[in-house]
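S.K.: Pasting in a structure now, in structure tokens, and then I'll have a few things to ask.
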Amino acid sequence: MAVAAVPVRKSISSSTQQQQQQQFTFTLTESESPKEEKVITVSFISSISEVPSTQWDACALDTTGPEKFNPFLSHAFLSSLENSGSAVKETGWRPHHIVAKDETNNIVAVVPLYLKSHSYGEFVFDHSWANAYYSYGLAYYPKLQSCVPFTPVTGPRILLRNTSFKDHIFDIIVSAMKDLTTKSQLSSLHVTFPSENEWQKFSEKGFLRRIGMQYHWKNRNYKNFDDFLMDMKQSKRKNIRQERKKIAAQNLTMKRLRGYEIKARHWDSFYTFYRNTTDNKWGTPHLTREFFHEIGSKMGDQVLLVVAEDGDELVAGALNLIGGDTLFGRLWGCQPRAYYPSLHFEACYYQAIEAAIELNLKTVEAGAQGEHKIQRGYLPVTTYSCHYLVDEEFRQAIEDFLVRESSQVKHVIKLLRDSGPFKEDLL
């Protein structure tokens, strides 16, 4: 029996990883002051625990601003992924984060970065690229990925302190990432769900641009849920009201829990619900039970857990995180072998809308995929990713593919928005 040889690239060793460090020097020139030389040291670390949470979070908050605070970029969330064994070397997510320091040893930038041995948990699909590499006897894995694991949420990826030289730091970090990719003989470097501004900047530095699509709800200064419904076409408004009535008809009680209101029993139940979803949909759970307990203890009121109760029994739940102006819907699940009509729509979409109105948030991001969200008030928006491929021939082939794909995605977004659920004068 013949056995096909699978190409394997030499991975970055732990000892090499600890030694990886680059220095960059540039000169600042300002009209009112003499020239100043800056020395920036870029290091790669194997755990976010090597960075104090206050310094990591200062980089994230300076980049987004308080009004756009993104909880997924926080030290609490990312460290929970590592500490719980969810995003670690053993699961194909070896942390390889970037830390940039100035000459006085102050941290001026950080980047969440992972060495990946597969393409699962990314929500930007490149399996066909990997297959093409293998068909030519080349290895696609490992690859570098700057992202938040298992989280299709847009946000900056290079997190910069608000210094006068932050644009220089951005350029330095991109150079360091590309240099690491090449010197480590990796196939590629990917930046998924960056901000649109970053997406533009990466493209200027040799990255291929890709777009995707998600569904978001926008708050038009609604006073309550009925106020939102009045913006919908009559048929859509009627359908939503009928779906919501089914919840009471099944004697279900919906609750929105935050912070200290979420107890250990809620997380244990939610993990059962989550496992039911993954068993039915993906087959392999990405997140461990410990992860949910950890974000519950670390993130406080940033966590919103919607639960459904049948009497005293928890039967379903939906996990959300609260940002500066956005509610992020992430995971959903219900009891195994249980079926409650319309409960998924209630827990994931309608409760999220009510919470956003109550908390005066501008947006609800309902996660990846699902055209059924449109009829419930969530419209398609563009998402972004950037891809740096070392092999020139594959790069050209993939660039041609992305041009065609981009045209199709834009066309679909236009069609879906034009046939949306809102009254004509609102679009």
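How things are named: the first chain in the structure tokens is A, the next is B, and so on; residues count from 1 in each chain; ligands count from 1 in the order shown.
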Write out as JSON, numbers by chain which residues come within 10 Å of range 44-55 of chain A when counting only C-alpha atoms, dropping same-chain ones fewer than 2 positions away.
M.R.: {"A": [14, 16, 17, 18, 19, 20, 21, 22, 42, 57, 58, 59, 60, 61, 74, 75, 76, 78, 79, 80, 82, 83, 88, 89, 94, 95, 96, 97, 98, 99, 100, 106, 107, 108, 109, 110, 111, 112, 113, 114, 161, 176, 177, 180]}
S.K.: Excluding same-chain residues fewer than 3 positions from range 417-423 of chain A, what lies within 9 Å of it counting only C-alpha atoms, as a list of chain:residue names?
M.R.: A:Met230, A:Asp231, A:Met232, A:Lys233, A:Gln234, A:Ser235, A:Lys236, A:Arg237, A:Ile374, A:Gln375, A:Arg376, A:Gly377, A:Tyr378, A:Leu379, A:Pro380, A:Val412, A:Ile413, A:Lys414, A:Leu426, A:Leu427
S.K.: Could you take the residues named above and write them with C-alpha atoms, as a PDB file, in the first residue's frame?
M.R.:
ATOM      1  CA  MET A 230     -42.327  50.117  13.715  1.00  0.00           C
ATOM      2  CA  ASP A 231     -39.385  50.536  11.311  1.00  0.00           C
ATOM      3  CA  MET A 232     -40.010  47.058   9.884  1.00  0.00           C
ATOM      4  CA  LYS A 233     -42.201  46.153   6.956  1.00  0.00           C
ATOM      5  CA  GLN A 234     -45.622  45.029   8.162  1.00  0.00           C
ATOM      6  CA  SER A 235     -45.131  41.365   7.267  1.00  0.00           C
ATOM      7  CA  LYS A 236     -41.756  41.193   9.053  1.00  0.00           C
ATOM      8  CA  ARG A 237     -43.149  42.978  12.097  1.00  0.00           C
ATOM      9  CA  ILE A 374     -31.975  39.560   7.869  1.00  0.00           C
ATOM     10  CA  GLN A 375     -35.700  39.108   8.376  1.00  0.00           C
ATOM     11  CA  ARG A 376     -35.159  39.803  12.067  1.00  0.00           C
ATOM     12  CA  GLY A 377     -33.542  43.196  11.571  1.00  0.00           C
ATOM     13  CA  TYR A 378     -29.889  42.309  11.049  1.00  0.00           C
ATOM     14  CA  LEU A 379     -28.434  43.616   7.784  1.00  0.00           C
ATOM     15  CA  PRO A 380     -25.283  42.476   5.950  1.00  0.00           C
ATOM     16  CA  VAL A 412     -24.650  39.630  -2.636  1.00  0.00           C
ATOM     17  CA  ILE A 413     -24.460  42.344   0.035  1.00  0.00           C
ATOM     18  CA  LYS A 414     -26.213  44.809  -2.278  1.00  0.00           C
ATOM     19  CA  LEU A 426     -35.052  53.780   5.959  1.00  0.00           C
ATOM     20  CA  LEU A 427     -32.538  52.403   3.464  1.00  0.00           C
TER      21      LEU A 427
END
S.K.: Using only C-alpha atoms for the distances, tell me which of A:Asn280, A:Asn360, A:Asn197, A:Tyr388 is nearest to Arg337 in chain A.
M.R.: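 Using only C-alpha atoms, Arg337 in chain A sits closest to A:Asn280.
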S.K.: Which of these residues is nearest to Ala368 in chain A, using only C-alpha atoms: A:Asp226, A:Glu103, A:Glu122, A:Glu36?
M.R.: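 Of the candidates, the smallest distance to Ala368 in chain A is held by A:Glu122.
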S.K.: Going by DSSP on the backbone, which bits of range 336-373 of chain A are helix (DSSP H, G or I)? Write them as a ChimeraX atom specification, please.
M.R.: /A:343-358,371-373
S.K.: Which residues, written as a list in words, have at least one atom at most 9 Å from Lys68 in chain A, with only C-alpha atoms counted and residues fewer than 4 positions away on the same chain left out?
M.R.: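 After dropping sequence-adjacent residues, the list is Leu61, Thr64, Gly323, Gly324, Asp325 and Thr326 of chain A.
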S.K.: Please list as a PyMOL selection string every residue within 12 Å of Val306 in chain A, counting only C-alpha atoms and excluding residues in the same chain fewer than 3 positions away.
M.R.: chain A and resi 253-258+261-262+266-267+270+303+309+314-321+329-334+343-355
S.K.: Keeping N, CA and C atoms, export the residues of the selection given above as a compact mmCIF listing (two decimals), in the first residue's frame.
M.R.:
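Once written, result_1.txt looks like this:
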# COMPACT_ATOMS: atom_id res chain seq x y z
N THR A 253 -39.36 31.35 30.49
CA THR A 253 -39.02 32.66 31.06
C THR A 253 -37.62 33.04 30.60
N MET A 254 -37.50 34.23 30.03
CA MET A 254 -36.21 34.71 29.56
C MET A 254 -35.61 35.66 30.61
N LYS A 255 -34.30 35.49 30.85
CA LYS A 255 -33.60 36.37 31.78
C LYS A 255 -32.28 36.81 31.16
N ARG A 256 -31.89 38.05 31.45
CA ARG A 256 -30.59 38.56 31.03
C ARG A 256 -29.75 38.77 32.29
N LEU A 257 -28.67 38.00 32.40
CA LEU A 257 -27.84 38.01 33.60
C LEU A 257 -26.50 38.67 33.30
N ARG A 258 -26.00 39.45 34.26
CA ARG A 258 -24.69 40.10 34.11
C ARG A 258 -23.87 39.94 35.38
N GLU A 261 -24.55 38.16 38.87
CA GLU A 261 -25.80 37.39 38.73
C GLU A 261 -25.56 36.03 38.08
N ILE A 262 -24.45 35.89 37.37
CA ILE A 262 -24.13 34.62 36.70
C ILE A 262 -23.36 33.74 37.66
N HIS A 266 -24.87 28.36 36.28
CA HIS A 266 -25.23 28.88 34.96
C HIS A 266 -24.15 28.50 33.94
N TRP A 267 -22.88 28.66 34.33
CA TRP A 267 -21.79 28.33 33.40
C TRP A 267 -21.74 26.83 33.12
N PHE A 270 -24.52 26.20 30.77
CA PHE A 270 -24.24 26.75 29.44
C PHE A 270 -23.20 25.92 28.71
N VAL A 303 -19.87 40.69 30.61
CA VAL A 303 -20.52 39.46 30.15
C VAL A 303 -22.02 39.57 30.35
N GLU A 309 -35.57 29.66 30.99
CA GLU A 309 -35.95 28.73 32.05
C GLU A 309 -37.32 28.13 31.77
N LEU A 314 -32.92 25.41 33.76
CA LEU A 314 -32.29 26.12 32.66
C LEU A 314 -32.31 25.22 31.43
N VAL A 315 -32.83 25.75 30.31
CA VAL A 315 -32.96 24.91 29.10
C VAL A 315 -32.19 25.44 27.90
N ALA A 316 -31.74 26.70 27.97
CA ALA A 316 -31.00 27.26 26.83
C ALA A 316 -30.29 28.53 27.28
N GLY A 317 -29.29 28.94 26.48
CA GLY A 317 -28.58 30.17 26.81
C GLY A 317 -27.87 30.75 25.60
N ALA A 318 -27.60 32.05 25.66
CA ALA A 318 -26.85 32.74 24.61
C ALA A 318 -25.84 33.66 25.29
N LEU A 319 -24.58 33.54 24.89
CA LEU A 319 -23.50 34.32 25.50
C LEU A 319 -23.22 35.56 24.67
N ASN A 320 -23.16 36.71 25.34
CA ASN A 320 -22.84 37.98 24.71
C ASN A 320 -21.76 38.69 25.54
N LEU A 321 -20.96 39.52 24.87
CA LEU A 321 -20.04 40.41 25.55
C LEU A 321 -20.40 41.85 25.20
N GLY A 329 -22.91 39.23 20.12
CA GLY A 329 -23.49 37.91 20.34
C GLY A 329 -22.52 36.84 19.88
N ARG A 330 -22.22 35.86 20.76
CA ARG A 330 -21.19 34.90 20.42
C ARG A 330 -21.67 33.46 20.30
N LEU A 331 -22.20 32.89 21.36
CA LEU A 331 -22.49 31.46 21.35
C LEU A 331 -23.90 31.19 21.85
N TRP A 332 -24.45 30.09 21.37
CA TRP A 332 -25.80 29.70 21.74
C TRP A 332 -25.86 28.19 21.91
N GLY A 333 -26.76 27.75 22.77
CA GLY A 333 -26.99 26.31 22.90
C GLY A 333 -28.22 26.03 23.73
N CYS A 334 -28.73 24.82 23.61
CA CYS A 334 -29.88 24.41 24.41
C CYS A 334 -29.67 22.98 24.90
N LEU A 343 -37.12 29.66 20.03
CA LEU A 343 -36.29 30.04 21.18
C LEU A 343 -34.91 30.55 20.73
N HIS A 344 -34.37 29.96 19.69
CA HIS A 344 -33.08 30.43 19.19
C HIS A 344 -33.15 31.90 18.77
N PHE A 345 -34.23 32.26 18.05
CA PHE A 345 -34.38 33.65 17.61
C PHE A 345 -34.56 34.59 18.80
N GLU A 346 -35.32 34.15 19.79
CA GLU A 346 -35.56 34.98 20.96
C GLU A 346 -34.28 35.21 21.76
N ALA A 347 -33.57 34.12 22.05
CA ALA A 347 -32.39 34.22 22.91
C ALA A 347 -31.24 34.97 22.24
N CYS A 348 -31.06 34.72 20.94
CA CYS A 348 -29.88 35.27 20.26
C CYS A 348 -30.12 36.65 19.66
N TYR A 349 -31.31 36.91 19.13
CA TYR A 349 -31.54 38.13 18.37
C TYR A 349 -32.44 39.13 19.09
N TYR A 350 -33.60 38.71 19.57
CA TYR A 350 -34.53 39.67 20.14
C TYR A 350 -34.09 40.13 21.54
N GLN A 351 -33.57 39.20 22.34
CA GLN A 351 -33.06 39.60 23.65
C GLN A 351 -31.85 40.52 23.50
N ALA A 352 -31.03 40.26 22.48
CA ALA A 352 -29.87 41.11 22.23
C ALA A 352 -30.30 42.52 21.83
N ILE A 353 -31.32 42.61 21.00
CA ILE A 353 -31.84 43.93 20.59
C ILE A 353 -32.39 44.67 21.80
N GLU A 354 -33.17 43.99 22.62
CA GLU A 354 -33.72 44.63 23.83
C GLU A 354 -32.60 45.12 24.75
N ALA A 355 -31.58 44.29 24.91
CA ALA A 355 -30.46 44.69 25.77
C ALA A 355 -29.73 45.89 25.20
S.K.: Can you list, as an MDAnalysis selection string, all residues belonging to range 158-371 of chain A that DSSP tags as strand (DSSP E)?
M.R.: chainID A and resid 159:160 188:192 208:218 252:258 303:310 313:322 326:334 363:368
S.K.: Set the distance at 9 Å and use only C-alpha atoms: which residues neighbour Glu198 in chain A once local chain neighbours fewer than 5 positions away are removed? I'd like the list as a list in words.
M.R.: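 My reading of the contact set: Pro156, Arg157, Ile158 and Ser203 of chain A.
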S.K.: Would you save the residues from that selection as a PDB file, in the first residue's frame, using N, CA and C atoms?
M.R.:
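To be explicit, this is the file written out as selection-v5.pdb:
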ATOM      1  N   PRO A 156      -9.124  46.190  15.754  1.00  0.00           N
ATOM      2  CA  PRO A 156      -7.708  46.350  15.408  1.00  0.00           C
ATOM      3  C   PRO A 156      -6.912  45.149  15.872  1.00  0.00           C
ATOM      4  N   ARG A 157      -5.836  44.868  15.159  1.00  0.00           N
ATOM      5  CA  ARG A 157      -4.981  43.737  15.511  1.00  0.00           C
ATOM      6  C   ARG A 157      -3.627  44.201  16.029  1.00  0.00           C
ATOM      7  N   ILE A 158      -3.129  45.321  15.535  1.00  0.00           N
ATOM      8  CA  ILE A 158      -1.908  45.906  16.078  1.00  0.00           C
ATOM      9  C   ILE A 158      -2.340  46.967  17.086  1.00  0.00           C
ATOM     10  N   SER A 203      -2.677  46.274   3.040  1.00  0.00           N
ATOM     11  CA  SER A 203      -2.635  46.086   1.585  1.00  0.00           C
ATOM     12  C   SER A 203      -1.503  46.904   0.965  1.00  0.00           C
TER      13      SER A 203
END
S.K.: From the set A:Ser297, A:Ser407, A:Asn251, A:Gln335, which residue has the shortest atom-to-atom contact distance to Asp279 in chain A, counting only C-alpha atoms?
M.R.: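 That would be A:Gln335, the residue with the smallest distance to Asp279 in chain A.
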S.K.: Pick out the residues sitting within 10 Å of His118 in chain A, and hand them over as a list in words; count only C-alpha atoms, and ignore anything fewer than 3 positions along from it in its own chain.
M.R.: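 Using only C-alpha atoms, the neighbours found are Thr91, Gly92, Trp93, Leu115, Gly121, Glu122, Asp126, His127, Ala130, Tyr140, Tyr141, Pro142 and Lys143 of chain A.
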